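Participant: Pasting a structure here, questions to come.
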Protein chains: 2
Amino acid sequence: MTDLLAQRDAWLTSNCSIARAVEAVGNRSTLLLLREASFGTRRFDDFARRVGISEPVAAARLKELVADGLLERRPYRQPGQRTRDEYLLTRKGQELLPVLTALRQWGDAWAADEAGPSVRVAHHDCGAAVHARLRCEAGHDVPPGEIDVLPGPGLLRA
Amino acid sequence: MTDLLAQRDAWLTSNCSIARAVEAVGNRSTLLLLREASFGTRRFDDFARRVGISEPVAAARLKELVADGLLERRPYRQPGQRTRDEYLLTRKGQELLPVLTALRQWGDAWAADEAGPSVRVAHHDCGAAVHARLRCEAGHDVPPGEIDVLPGPGLLRA
DNA sequence: TAGCTGACTTTTGTTTTCCTAAGTCAGCCG
DNA sequence: CGGCTGACTTAGGAAAACAAAAGTCAGCTA
């Protein structure tokens with residue numbers, strides 16, 4: 001166990017999935033751009049305006065997101081308009097929805113204003129509100145206090 | 001519905017729970033400090049070293065986290081040592097665990113190295129792996145594609 | 001074919017963030 | 001009581017991020 005503790009410093013920085021995820025989405029504008037994409041925003045200037053960032057920053061971030069495979073850029077055309085590009089969530093990007101949902105849930109609980117949240121997220125099939133929940137593979141709901149952190153395969157093999 | 005679209009620009013920046021949550025934890029070091037706290041790190045220099053940030057930054061971020069009520073700082077003493085301060089997750093901080101779990105899950109799926117993840121998170125009671133899942137209040141598991149975004153109370157009341 | 005619009009890029013200058021290195025301070029230990 | 005260690009703070013400087021304003025460019029539209 002002392003060995004494991006000694007190794008912690010190494011893997012915590014070099015082989016941590018949280019760190020890698022944070023690397024990809026861990027800044028204000030990236031997460032908010034993904035929020036917008038999940039809300040259905042597709043066009044460049046809508047992204048920039050709704051997220052509240054300048055155009056150069058929006059261009060850079062969107063480019064990063066496309067390069068990282070979180071957004072896909074593809075041409076589309078509205079009738080009577082010329083061809084443009086739109087940004088759509090890829091599967092890789094969609095799978096960040098639990099992150100966004102968990103953030104929204106925390107914000108609703110701890111940082112909402114008095115009027116209540118301005119967005120409601122519902123299950124398409126039944127209309128009920130959607131939450132992020134922790135659950136173990138045995139099917140139990142897991143409250144925050146009942147979690148153990150153990151060494152995983154990437155560490156044991158080293 | 002046009003009204004709602006027109007209002008979007010306003011509430012998306014000013015009254016969005018995701019934006020507020022991102023405001024609180026939306027930078028690399030804050031999320032990684034919370035990861036450490038959830039792994040049981042308590043002491044100042046362990047935080048700094050394991051997160052890979054310098055001491056001034058660690059001091060500033062930890063101070064912010066305490067001010068925001070995510071960490072609590074309190075004295076403790078190991079036998080034979082003098083009194084020190086330790087940083088512990090508050091309830092408000094603990095409730096970010098779904099966010100960290102969702103990030104880890106995404107990182108495991110999309111950004112893991114070949115050796116596999118170095119951390120395994122298990123349910124204390126049964127040992128099974130813990131995941132973040134989207135679920136609606138009717139009890140259905142909700143895949144990313146089945147989510148509707150609707151105006152919430154904070155918007156309808158405006 | 002001239003204009004307009006959406007989608008950017010470039011330029012410039014400011015602000016923020018971060019690291020390194022050094023300094024401070026309190027209290028147990030010998 | 002003097003050193004050592006853990007937990008910071010201060011000072012200085014470099015790097016990154018950002019906004020504002022202006023410029024570019026492609027392709028409908030008139």
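Residue numbering restarts at 1 in every chain; chains get A, B, ... in the order shown in the structure tokens, and ligands count up from 1 in that same order.
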Please identify every residue of chain B that has at least one atom no more than 12 Å from any atom of chain C, counting only C-alpha atoms (C1' of nucleotides), and report them as a PyMOL selection string.
Facilitator: chain B and resi 27-29+52-58+60-61+77+79-84
Participant: Mind doing a quick least-squares superposition of chain B onto chain A, all C-alpha atoms paired one-to-one in order, and writing it out as a PDB file with C-alpha atoms, in the first residue's frame?
Facilitator:
ATOM      1  CA  MET B   1      -0.108   0.046   0.002  1.00  0.00           C
ATOM      2  CA  THR B   2       2.869   2.286   0.625  1.00  0.00           C
ATOM      3  CA  ASP B   3       3.970   1.493  -2.893  1.00  0.00           C
ATOM      4  CA  LEU B   4       0.628   2.562  -4.178  1.00  0.00           C
ATOM      5  CA  LEU B   5       0.803   5.808  -2.304  1.00  0.00           C
ATOM      6  CA  ALA B   6       4.248   6.429  -3.666  1.00  0.00           C
ATOM      7  CA  GLN B   7       2.982   5.869  -7.180  1.00  0.00           C
ATOM      8  CA  ARG B   8       0.024   8.138  -6.741  1.00  0.00           C
ATOM      9  CA  ASP B   9       1.910  11.281  -7.558  1.00  0.00           C
ATOM     10  CA  ALA B  10       2.915   9.827 -10.872  1.00  0.00           C
ATOM     11  CA  TRP B  11      -0.365   8.478 -12.138  1.00  0.00           C
ATOM     12  CA  LEU B  12      -2.481  11.232 -10.795  1.00  0.00           C
ATOM     13  CA  THR B  13      -0.936  13.630 -13.229  1.00  0.00           C
ATOM     14  CA  SER B  14       0.011  11.385 -16.102  1.00  0.00           C
ATOM     15  CA  ASN B  15      -2.713   8.764 -16.374  1.00  0.00           C
ATOM     16  CA  CYS B  16      -5.851  10.174 -14.902  1.00  0.00           C
ATOM     17  CA  SER B  17      -9.042  10.091 -16.904  1.00  0.00           C
ATOM     18  CA  ILE B  18     -10.391  13.083 -15.035  1.00  0.00           C
ATOM     19  CA  ALA B  19      -7.295  15.091 -15.902  1.00  0.00           C
ATOM     20  CA  ARG B  20      -7.627  14.118 -19.549  1.00  0.00           C
ATOM     21  CA  ALA B  21     -11.274  15.006 -19.655  1.00  0.00           C
ATOM     22  CA  VAL B  22     -10.521  18.318 -17.974  1.00  0.00           C
ATOM     23  CA  GLU B  23      -7.783  18.866 -20.508  1.00  0.00           C
ATOM     24  CA  ALA B  24     -10.364  18.555 -23.278  1.00  0.00           C
ATOM     25  CA  VAL B  25     -13.237  20.530 -21.820  1.00  0.00           C
ATOM     26  CA  GLY B  26     -11.856  22.209 -18.733  1.00  0.00           C
ATOM     27  CA  ASN B  27     -12.366  25.816 -19.524  1.00  0.00           C
ATOM     28  CA  ARG B  28     -15.336  28.044 -19.300  1.00  0.00           C
ATOM     29  CA  SER B  29     -16.053  28.573 -22.951  1.00  0.00           C
ATOM     30  CA  THR B  30     -15.635  24.972 -24.078  1.00  0.00           C
ATOM     31  CA  LEU B  31     -18.210  23.656 -21.652  1.00  0.00           C
ATOM     32  CA  LEU B  32     -20.602  26.456 -22.513  1.00  0.00           C
ATOM     33  CA  LEU B  33     -20.178  25.826 -26.225  1.00  0.00           C
ATOM     34  CA  LEU B  34     -21.078  22.207 -25.646  1.00  0.00           C
ATOM     35  CA  ARG B  35     -24.075  23.288 -23.621  1.00  0.00           C
ATOM     36  CA  GLU B  36     -25.176  25.352 -26.603  1.00  0.00           C
ATOM     37  CA  ALA B  37     -24.620  22.502 -28.996  1.00  0.00           C
ATOM     38  CA  SER B  38     -26.708  20.246 -26.774  1.00  0.00           C
ATOM     39  CA  PHE B  39     -29.447  22.880 -26.780  1.00  0.00           C
ATOM     40  CA  GLY B  40     -29.481  22.846 -30.550  1.00  0.00           C
ATOM     41  CA  THR B  41     -27.340  25.853 -31.461  1.00  0.00           C
ATOM     42  CA  ARG B  42     -25.577  25.275 -34.751  1.00  0.00           C
ATOM     43  CA  ARG B  43     -24.367  28.509 -36.207  1.00  0.00           C
ATOM     44  CA  PHE B  44     -21.150  30.320 -35.520  1.00  0.00           C
ATOM     45  CA  ASP B  45     -22.436  33.658 -34.373  1.00  0.00           C
ATOM     46  CA  ASP B  46     -25.182  32.111 -32.263  1.00  0.00           C
ATOM     47  CA  PHE B  47     -22.508  30.193 -30.429  1.00  0.00           C
ATOM     48  CA  ALA B  48     -20.433  33.294 -29.876  1.00  0.00           C
ATOM     49  CA  ARG B  49     -23.318  35.484 -28.750  1.00  0.00           C
ATOM     50  CA  ARG B  50     -25.061  32.977 -26.532  1.00  0.00           C
ATOM     51  CA  VAL B  51     -21.898  31.890 -24.803  1.00  0.00           C
ATOM     52  CA  GLY B  52     -20.803  35.495 -24.432  1.00  0.00           C
ATOM     53  CA  ILE B  53     -17.394  35.230 -26.027  1.00  0.00           C
ATOM     54  CA  SER B  54     -15.790  37.170 -28.831  1.00  0.00           C
ATOM     55  CA  GLU B  55     -15.610  35.866 -32.348  1.00  0.00           C
ATOM     56  CA  PRO B  56     -11.907  35.068 -32.333  1.00  0.00           C
ATOM     57  CA  VAL B  57     -12.306  32.978 -29.212  1.00  0.00           C
ATOM     58  CA  ALA B  58     -15.383  31.250 -30.580  1.00  0.00           C
ATOM     59  CA  ALA B  59     -13.532  30.422 -33.790  1.00  0.00           C
ATOM     60  CA  ALA B  60     -10.554  29.038 -31.905  1.00  0.00           C
ATOM     61  CA  ARG B  61     -12.596  26.951 -29.464  1.00  0.00           C
ATOM     62  CA  LEU B  62     -14.901  25.553 -32.126  1.00  0.00           C
ATOM     63  CA  LYS B  63     -11.885  24.594 -34.164  1.00  0.00           C
ATOM     64  CA  GLU B  64     -10.426  22.793 -31.164  1.00  0.00           C
ATOM     65  CA  LEU B  65     -13.687  21.000 -30.530  1.00  0.00           C
ATOM     66  CA  VAL B  66     -13.829  19.830 -34.124  1.00  0.00           C
ATOM     67  CA  ALA B  67     -10.184  18.740 -33.992  1.00  0.00           C
ATOM     68  CA  ASP B  68     -10.878  16.809 -30.793  1.00  0.00           C
ATOM     69  CA  GLY B  69     -13.845  15.109 -32.390  1.00  0.00           C
ATOM     70  CA  LEU B  70     -16.482  16.546 -30.061  1.00  0.00           C
ATOM     71  CA  LEU B  71     -18.170  18.572 -32.772  1.00  0.00           C
ATOM     72  CA  GLU B  72     -18.563  17.852 -36.425  1.00  0.00           C
ATOM     73  CA  ARG B  73     -18.647  20.646 -38.938  1.00  0.00           C
ATOM     74  CA  ARG B  74     -20.678  20.136 -42.009  1.00  0.00           C
ATOM     75  CA  PRO B  75     -22.384  22.121 -44.700  1.00  0.00           C
ATOM     76  CA  TYR B  76     -26.095  22.699 -44.624  1.00  0.00           C
ATOM     77  CA  ARG B  77     -28.452  25.006 -46.408  1.00  0.00           C
ATOM     78  CA  GLN B  78     -31.651  26.654 -45.390  1.00  0.00           C
ATOM     79  CA  PRO B  79     -34.095  27.139 -48.253  1.00  0.00           C
ATOM     80  CA  GLY B  80     -33.355  30.355 -50.107  1.00  0.00           C
ATOM     81  CA  GLN B  81     -30.038  30.830 -48.370  1.00  0.00           C
ATOM     82  CA  ARG B  82     -26.598  29.913 -49.398  1.00  0.00           C
ATOM     83  CA  THR B  83     -24.689  26.945 -48.059  1.00  0.00           C
ATOM     84  CA  ARG B  84     -23.179  27.373 -44.612  1.00  0.00           C
ATOM     85  CA  ASP B  85     -21.417  25.231 -42.066  1.00  0.00           C
ATOM     86  CA  GLU B  86     -23.079  24.017 -38.954  1.00  0.00           C
ATOM     87  CA  TYR B  87     -21.598  22.424 -35.867  1.00  0.00           C
ATOM     88  CA  LEU B  88     -23.161  19.250 -34.545  1.00  0.00           C
ATOM     89  CA  LEU B  89     -22.326  17.106 -31.559  1.00  0.00           C
ATOM     90  CA  THR B  90     -20.605  13.873 -32.402  1.00  0.00           C
ATOM     91  CA  ARG B  91     -21.171  10.780 -30.330  1.00  0.00           C
ATOM     92  CA  LYS B  92     -18.031  11.618 -28.404  1.00  0.00           C
ATOM     93  CA  GLY B  93     -19.481  15.020 -27.680  1.00  0.00           C
ATOM     94  CA  GLN B  94     -22.910  13.660 -26.819  1.00  0.00           C
ATOM     95  CA  GLU B  95     -21.380  11.441 -24.215  1.00  0.00           C
ATOM     96  CA  LEU B  96     -20.418  14.535 -22.283  1.00  0.00           C
ATOM     97  CA  LEU B  97     -24.097  15.109 -21.569  1.00  0.00           C
ATOM     98  CA  PRO B  98     -23.829  13.436 -18.169  1.00  0.00           C
ATOM     99  CA  VAL B  99     -21.147  15.978 -17.291  1.00  0.00           C
ATOM    100  CA  LEU B 100     -23.313  18.891 -18.379  1.00  0.00           C
ATOM    101  CA  THR B 101     -26.311  17.416 -16.615  1.00  0.00           C
ATOM    102  CA  ALA B 102     -24.380  16.927 -13.402  1.00  0.00           C
ATOM    103  CA  LEU B 103     -23.134  20.514 -13.578  1.00  0.00           C
ATOM    104  CA  ARG B 104     -26.620  21.844 -14.176  1.00  0.00           C
ATOM    105  CA  GLN B 105     -27.985  19.815 -11.324  1.00  0.00           C
ATOM    106  CA  TRP B 106     -25.342  21.125  -8.970  1.00  0.00           C
ATOM    107  CA  GLY B 107     -25.907  24.672 -10.155  1.00  0.00           C
ATOM    108  CA  ASP B 108     -29.659  24.312  -9.650  1.00  0.00           C
ATOM    109  CA  ALA B 109     -29.080  23.068  -6.139  1.00  0.00           C
ATOM    110  CA  TRP B 110     -26.323  25.428  -5.009  1.00  0.00           C
ATOM    111  CA  ALA B 111     -26.230  28.452  -7.240  1.00  0.00           C
ATOM    112  CA  ALA B 112     -29.697  29.068  -8.645  1.00  0.00           C
ATOM    113  CA  ASP B 113     -31.371  32.432  -8.400  1.00  0.00           C
ATOM    114  CA  GLU B 114     -34.705  32.940  -6.662  1.00  0.00           C
ATOM    115  CA  ALA B 115     -36.786  32.577  -9.834  1.00  0.00           C
ATOM    116  CA  GLY B 116     -35.644  29.005 -10.253  1.00  0.00           C
ATOM    117  CA  PRO B 117     -33.757  27.459 -13.145  1.00  0.00           C
ATOM    118  CA  SER B 118     -34.558  28.769 -16.595  1.00  0.00           C
ATOM    119  CA  VAL B 119     -34.101  25.442 -18.276  1.00  0.00           C
ATOM    120  CA  ARG B 120     -35.883  22.209 -17.665  1.00  0.00           C
ATOM    121  CA  VAL B 121     -34.512  19.033 -19.125  1.00  0.00           C
ATOM    122  CA  ALA B 122     -37.027  16.320 -19.750  1.00  0.00           C
ATOM    123  CA  HIS B 123     -37.085  12.742 -20.929  1.00  0.00           C
ATOM    124  CA  HIS B 124     -38.464  12.823 -24.449  1.00  0.00           C
ATOM    125  CA  ASP B 125     -40.570   9.706 -23.993  1.00  0.00           C
ATOM    126  CA  CYS B 126     -42.292  10.587 -20.747  1.00  0.00           C
ATOM    127  CA  GLY B 127     -41.649  14.258 -20.008  1.00  0.00           C
ATOM    128  CA  ALA B 128     -40.152  13.650 -16.576  1.00  0.00           C
ATOM    129  CA  ALA B 129     -37.132  15.655 -15.424  1.00  0.00           C
ATOM    130  CA  VAL B 130     -33.711  14.179 -16.098  1.00  0.00           C
ATOM    131  CA  HIS B 131     -30.970  13.961 -13.483  1.00  0.00           C
ATOM    132  CA  ALA B 132     -27.447  12.620 -13.300  1.00  0.00           C
ATOM    133  CA  ARG B 133     -27.222   9.872 -10.715  1.00  0.00           C
ATOM    134  CA  LEU B 134     -24.459   7.680  -9.419  1.00  0.00           C
ATOM    135  CA  ARG B 135     -25.188   4.015  -9.689  1.00  0.00           C
ATOM    136  CA  CYS B 136     -23.122   0.901  -9.268  1.00  0.00           C
ATOM    137  CA  GLU B 137     -23.134  -2.004 -11.657  1.00  0.00           C
ATOM    138  CA  ALA B 138     -25.073  -4.067  -9.173  1.00  0.00           C
ATOM    139  CA  GLY B 139     -27.870  -1.567  -9.678  1.00  0.00           C
ATOM    140  CA  HIS B 140     -27.707   0.301  -6.373  1.00  0.00           C
ATOM    141  CA  ASP B 141     -28.040   4.041  -6.175  1.00  0.00           C
ATOM    142  CA  VAL B 142     -24.806   5.278  -4.675  1.00  0.00           C
ATOM    143  CA  PRO B 143     -24.791   8.330  -2.416  1.00  0.00           C
ATOM    144  CA  PRO B 144     -21.563  10.384  -2.395  1.00  0.00           C
ATOM    145  CA  GLY B 145     -20.428   8.980   0.932  1.00  0.00           C
ATOM    146  CA  GLU B 146     -20.451   5.342  -0.157  1.00  0.00           C
ATOM    147  CA  ILE B 147     -17.721   5.526  -2.749  1.00  0.00           C
ATOM    148  CA  ASP B 148     -14.361   3.781  -2.451  1.00  0.00           C
ATOM    149  CA  VAL B 149     -11.400   4.772  -4.606  1.00  0.00           C
ATOM    150  CA  LEU B 150      -9.211   1.805  -5.467  1.00  0.00           C
ATOM    151  CA  PRO B 151      -6.225   1.225  -7.722  1.00  0.00           C
ATOM    152  CA  GLY B 152      -7.302   0.236 -11.222  1.00  0.00           C
ATOM    153  CA  PRO B 153      -5.738  -1.943 -13.924  1.00  0.00           C
ATOM    154  CA  GLY B 154      -3.490   0.799 -15.274  1.00  0.00           C
ATOM    155  CA  LEU B 155      -1.853   1.130 -11.907  1.00  0.00           C
ATOM    156  CA  LEU B 156      -1.688  -2.497 -10.827  1.00  0.00           C
ATOM    157  CA  ARG B 157       0.010  -3.508 -14.041  1.00  0.00           C
ATOM    158  CA  ALA B 158       2.780  -0.896 -13.671  1.00  0.00           C
TER     159      ALA B 158
END
Participant: With chain B as the partner and 8 Å as the cut-off, tabulate the residues of chain D that qualify, each row holding the nearest pair of atoms and their distance in Å to one decimal, using only C-alpha atoms (C1' of nucleotides), sorted by chain and rising number, as a Markdown table.
Facilitator:
| residue | atom | partner | partner_atom | distance |
| --- | --- | --- | --- | --- |
| D:DA7 | C1' | B:Phe44 | CA | 6.9 |
| D:DC8 | C1' | B:Ala59 | CA | 7.3 |
| D:DT9 | C1' | B:Pro56 | CA | 7.8 |
Participant: Based on DSSP run over this structure's backbone, return all residues of region 16-108 of chain A in alpha helix (DSSP H), as number ranges by chain.
Facilitator: A: 17-25, 28-39, 44-51, 55-67, 91-94, 97-108
Participant: Apply DSSP to the backbone of this structure and, from chain B, keep only the residues in strand (DSSP E or B); write these as an MDAnalysis selection string.
Facilitator: chainID B and resid 27 71:77 83:89 119:123 129:136 141 147:151
